[in-house]
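Colleague: Following this line is coords_9.txt, made up of compact mmCIF, N, CA and C atoms:
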# COMPACT_ATOMS: atom_id res chain seq x y z
N MET V 1478 7.60 63.48 -46.72
CA MET V 1478 7.07 62.62 -45.66
C MET V 1478 6.41 61.38 -46.26
N TYR V 1479 5.74 61.57 -47.39
CA TYR V 1479 5.09 60.45 -48.05
C TYR V 1479 6.11 59.37 -48.40
N TRP V 1480 7.28 59.79 -48.90
CA TRP V 1480 8.30 58.82 -49.32
C TRP V 1480 8.85 58.03 -48.14
N VAL V 1481 8.97 58.64 -46.99
CA VAL V 1481 9.47 57.95 -45.81
C VAL V 1481 8.50 56.83 -45.41
N ILE V 1482 7.22 57.16 -45.38
CA ILE V 1482 6.21 56.16 -45.02
C ILE V 1482 6.18 55.05 -46.07
N PHE V 1483 6.30 55.42 -47.34
CA PHE V 1483 6.32 54.44 -48.42
C PHE V 1483 7.51 53.50 -48.30
N ILE V 1484 8.69 54.01 -48.05
CA ILE V 1484 9.90 53.20 -47.91
C ILE V 1484 9.80 52.30 -46.68
N VAL V 1485 9.32 52.83 -45.56
CA VAL V 1485 9.15 52.02 -44.36
C VAL V 1485 8.15 50.89 -44.62
N GLY V 1486 7.08 51.19 -45.33
CA GLY V 1486 6.10 50.16 -45.69
C GLY V 1486 6.72 49.07 -46.55
N LEU V 1487 7.52 49.45 -47.53
CA LEU V 1487 8.20 48.46 -48.37
C LEU V 1487 9.17 47.59 -47.57
N VAL V 1488 9.87 48.20 -46.64
CA VAL V 1488 10.80 47.44 -45.80
C VAL V 1488 10.04 46.44 -44.94
N VAL V 1489 8.94 46.86 -44.35
CA VAL V 1489 8.12 45.96 -43.51
C VAL V 1489 7.58 44.81 -44.35
N ILE V 1490 7.07 45.10 -45.53
CA ILE V 1490 6.57 44.04 -46.42
C ILE V 1490 7.70 43.11 -46.81
N GLY V 1491 8.86 43.65 -47.11
CA GLY V 1491 10.02 42.83 -47.48
C GLY V 1491 10.45 41.90 -46.35
N VAL V 1492 10.48 42.41 -45.12
CA VAL V 1492 10.88 41.58 -43.98
C VAL V 1492 9.87 40.46 -43.75
N PHE V 1493 8.59 40.77 -43.83
CA PHE V 1493 7.57 39.73 -43.67
C PHE V 1493 7.64 38.71 -44.80
N SER V 1494 7.94 39.16 -46.01
CA SER V 1494 8.08 38.23 -47.14
C SER V 1494 9.25 37.28 -46.92
N LEU V 1495 10.36 37.82 -46.47
CA LEU V 1495 11.53 36.97 -46.19
C LEU V 1495 11.24 35.98 -45.07
N ALA V 1496 10.53 36.42 -44.05
CA ALA V 1496 10.19 35.53 -42.94
C ALA V 1496 9.23 34.44 -43.41
N ALA V 1497 8.27 34.79 -44.26
CA ALA V 1497 7.29 33.81 -44.73
C ALA V 1497 7.91 32.76 -45.62
N THR V 1498 8.93 33.12 -46.38
CA THR V 1498 9.58 32.15 -47.27
C THR V 1498 10.67 31.35 -46.57
N GLY V 1499 10.99 31.70 -45.34
CA GLY V 1499 11.99 30.96 -44.58
C GLY V 1499 13.40 31.45 -44.78
N ALA V 1500 13.57 32.59 -45.42
CA ALA V 1500 14.91 33.12 -45.68
C ALA V 1500 15.57 33.63 -44.41
N LEU V 1501 14.81 33.92 -43.38
CA LEU V 1501 15.38 34.44 -42.13
C LEU V 1501 15.65 33.33 -41.11
N GLY V 1502 15.43 32.10 -41.49
CA GLY V 1502 15.64 30.98 -40.58
C GLY V 1502 14.45 30.05 -40.64
N GLU V 1503 14.54 28.94 -39.93
CA GLU V 1503 13.44 27.99 -39.91
C GLU V 1503 13.27 27.41 -38.52
N LEU V 1504 12.09 26.86 -38.26
CA LEU V 1504 11.82 26.24 -36.97
C LEU V 1504 12.49 24.87 -36.91
N LYS V 1505 13.01 24.55 -35.78
CA LYS V 1505 13.57 23.22 -35.57
C LYS V 1505 12.44 22.30 -35.11
N PRO V 1506 12.49 21.03 -35.53
CA PRO V 1506 11.42 20.11 -35.10
C PRO V 1506 11.43 19.93 -33.58
N ASP V 1507 10.25 19.89 -33.01
CA ASP V 1507 10.12 19.75 -31.56
C ASP V 1507 10.02 18.27 -31.22
N GLU V 1508 11.02 17.75 -30.55
CA GLU V 1508 11.06 16.34 -30.18
C GLU V 1508 10.62 16.12 -28.73
N SER V 1509 10.15 17.16 -28.06
CA SER V 1509 9.83 17.05 -26.64
C SER V 1509 8.60 16.18 -26.37
N LEU V 1510 7.77 15.97 -27.40
CA LEU V 1510 6.56 15.17 -27.20
C LEU V 1510 6.77 13.69 -27.47
N ASP V 1511 7.94 13.31 -27.99
CA ASP V 1511 8.20 11.90 -28.28
C ASP V 1511 8.22 11.09 -27.00
N SER V 1512 7.64 9.93 -27.07
CA SER V 1512 7.56 9.08 -25.89
C SER V 1512 7.64 7.63 -26.33
N ALA V 1513 8.30 6.82 -25.56
CA ALA V 1513 8.39 5.40 -25.85
C ALA V 1513 7.42 4.62 -24.96
N ALA V 1514 6.50 5.31 -24.36
CA ALA V 1514 5.54 4.67 -23.46
C ALA V 1514 4.64 3.73 -24.26
N PRO V 1515 4.21 2.63 -23.67
CA PRO V 1515 3.32 1.72 -24.37
C PRO V 1515 1.97 2.37 -24.63
N TYR V 1516 1.26 1.86 -25.62
CA TYR V 1516 -0.04 2.43 -25.99
C TYR V 1516 -1.05 2.24 -24.87
N ASP V 1517 -1.79 3.28 -24.60
CA ASP V 1517 -2.87 3.25 -23.63
C ASP V 1517 -4.08 3.88 -24.31
N SER V 1518 -5.23 3.24 -24.28
CA SER V 1518 -6.40 3.74 -25.01
C SER V 1518 -6.85 5.11 -24.52
N ARG V 1519 -6.48 5.48 -23.30
CA ARG V 1519 -6.86 6.80 -22.79
C ARG V 1519 -5.82 7.86 -23.13
N GLN V 1520 -4.73 7.44 -23.75
CA GLN V 1520 -3.63 8.34 -24.05
C GLN V 1520 -3.79 8.92 -25.45
N ARG V 1521 -3.53 10.19 -25.60
CA ARG V 1521 -3.57 10.82 -26.91
C ARG V 1521 -2.20 10.69 -27.55
N ILE V 1522 -2.18 10.49 -28.84
CA ILE V 1522 -0.91 10.40 -29.57
C ILE V 1522 -0.34 11.80 -29.72
N PRO V 1523 0.91 12.03 -29.29
CA PRO V 1523 1.50 13.36 -29.42
C PRO V 1523 1.60 13.78 -30.88
N THR V 1524 1.38 15.03 -31.14
CA THR V 1524 1.47 15.53 -32.51
C THR V 1524 2.66 16.46 -32.65
N VAL V 1525 3.19 16.52 -33.86
CA VAL V 1525 4.24 17.48 -34.17
C VAL V 1525 3.54 18.73 -34.71
N LEU V 1526 4.30 19.65 -35.23
CA LEU V 1526 3.73 20.95 -35.60
C LEU V 1526 2.58 20.83 -36.59
N PHE V 1527 2.68 19.97 -37.61
CA PHE V 1527 1.63 19.89 -38.63
C PHE V 1527 1.13 18.47 -38.80
N GLY V 1528 0.92 17.72 -37.75
CA GLY V 1528 0.38 16.38 -37.88
C GLY V 1528 0.90 15.45 -36.81
N TYR V 1529 0.67 14.16 -37.02
CA TYR V 1529 1.10 13.17 -36.05
C TYR V 1529 2.57 12.84 -36.23
N SER V 1530 3.20 12.46 -35.15
CA SER V 1530 4.59 12.00 -35.22
C SER V 1530 4.59 10.61 -35.85
N LYS V 1531 5.19 10.49 -37.02
CA LYS V 1531 5.15 9.24 -37.78
C LYS V 1531 5.74 8.07 -36.99
N ALA V 1532 6.83 8.30 -36.31
CA ALA V 1532 7.46 7.22 -35.54
C ALA V 1532 6.53 6.73 -34.43
N ARG V 1533 5.87 7.65 -33.75
CA ARG V 1533 4.95 7.26 -32.66
C ARG V 1533 3.75 6.50 -33.21
N VAL V 1534 3.19 6.97 -34.32
CA VAL V 1534 2.05 6.28 -34.92
C VAL V 1534 2.44 4.89 -35.38
N ASP V 1535 3.63 4.76 -35.98
CA ASP V 1535 4.11 3.45 -36.41
C ASP V 1535 4.26 2.50 -35.23
N ASN V 1536 4.75 2.99 -34.11
CA ASN V 1536 4.89 2.16 -32.91
C ASN V 1536 3.54 1.70 -32.39
N VAL V 1537 2.58 2.61 -32.36
CA VAL V 1537 1.24 2.26 -31.88
C VAL V 1537 0.60 1.23 -32.80
N ILE V 1538 0.74 1.41 -34.11
CA ILE V 1538 0.17 0.45 -35.06
C ILE V 1538 0.83 -0.92 -34.90
N ALA V 1539 2.14 -0.95 -34.73
CA ALA V 1539 2.84 -2.23 -34.55
C ALA V 1539 2.37 -2.93 -33.27
N GLU V 1540 2.21 -2.18 -32.19
CA GLU V 1540 1.73 -2.77 -30.94
C GLU V 1540 0.32 -3.32 -31.09
N LEU V 1541 -0.55 -2.58 -31.78
CA LEU V 1541 -1.92 -3.04 -31.97
C LEU V 1541 -1.98 -4.25 -32.90
N GLU V 1542 -1.13 -4.30 -33.93
CA GLU V 1542 -1.09 -5.47 -34.81
C GLU V 1542 -0.63 -6.70 -34.04
N ALA V 1543 0.35 -6.53 -33.16
CA ALA V 1543 0.81 -7.65 -32.35
C ALA V 1543 -0.28 -8.12 -31.41
N GLU V 1544 -1.03 -7.20 -30.86
CA GLU V 1544 -2.13 -7.57 -29.95
C GLU V 1544 -3.24 -8.31 -30.72
N VAL V 1545 -3.57 -7.85 -31.92
CA VAL V 1545 -4.57 -8.53 -32.75
C VAL V 1545 -4.11 -9.94 -33.09
N ALA V 1546 -2.83 -10.09 -33.45
CA ALA V 1546 -2.29 -11.41 -33.79
C ALA V 1546 -2.35 -12.34 -32.59
N SER V 1547 -2.02 -11.82 -31.41
CA SER V 1547 -2.05 -12.69 -30.21
C SER V 1547 -3.48 -13.09 -29.86
N LEU V 1548 -4.44 -12.17 -30.06
CA LEU V 1548 -5.84 -12.50 -29.79
C LEU V 1548 -6.36 -13.53 -30.79
N LYS V 1549 -5.94 -13.45 -32.04
CA LYS V 1549 -6.34 -14.44 -33.03
C LYS V 1549 -5.75 -15.80 -32.70
N ALA V 1550 -4.51 -15.81 -32.21
CA ALA V 1550 -3.86 -17.07 -31.86
C ALA V 1550 -4.56 -17.72 -30.66
N LYS V 1551 -5.00 -16.91 -29.71
CA LYS V 1551 -5.70 -17.45 -28.54
C LYS V 1551 -7.08 -17.97 -28.90
N LYS V 1552 -7.70 -17.37 -29.92
CA LYS V 1552 -9.04 -17.76 -30.33
C LYS V 1552 -9.05 -19.15 -30.97
N LYS V 1553 -7.97 -19.53 -31.63
CA LYS V 1553 -7.90 -20.84 -32.31
C LYS V 1553 -7.73 -21.97 -31.37
I'd like the structure from this file rewritten - as structure tokens, please.
Modeller:
Amino acid sequence: MYWVIFIVGLVVIGVFSLAATGALGELKPDESLDSAAPYDSRQRIPTVLFGYSKARVDNVIAELEAEVASLKAKKK
């Protein structure tokens, strides 16, 4: 009986090890949060699984840089 429990334990550890290393498959990136909406100060930037969506952050930065440039041009 001891050996059965030992073998089952090894199999469970092996399956979890394979899952942790990605050998059983991997997650697909979630694109459902991507938005082309213009920046709104009350809007939160959508995040991907482990951080910000780089494309969305780049768009927001570009929009803000353009706004800063236009405000500087109006100031002169």
Colleague: In Å, how far is it from atom CA of Gly1486 of chain V to atom N of Gly1502 of chain V?
Modeller: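 Atom CA of Gly1486 of chain V sits 20.8 Å away from atom N of Gly1502 of chain V.
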Colleague: For atom N of Ala1496 of chain V and atom C of Ile1484 of chain V, quote the distance in Å rounded to one decimal.
Modeller: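 About the pair atom N of Ala1496 of chain V and atom C of Ile1484 of chain V: they are 16.1 Å apart.
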Colleague: So what do you get for atom N of Leu1495 of chain V versus atom N of Phe1483 of chain V, distance-wise?
Modeller: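 Computing the Euclidean distance for atom N of Leu1495 of chain V and atom N of Phe1483 of chain V yields 18.1 Å.
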Colleague: Around segment 1497-1505 of chain V, with edges along x, y and z and 4 Å added on all six sides, what centre and edge lengths do you get, in Å to one decimal, as JSON?
Modeller:
{"center_x": 11.5, "center_y": 28.5, "center_z": -41.2, "size_x": 16.4, "size_y": 20.5, "size_z": 20.2}
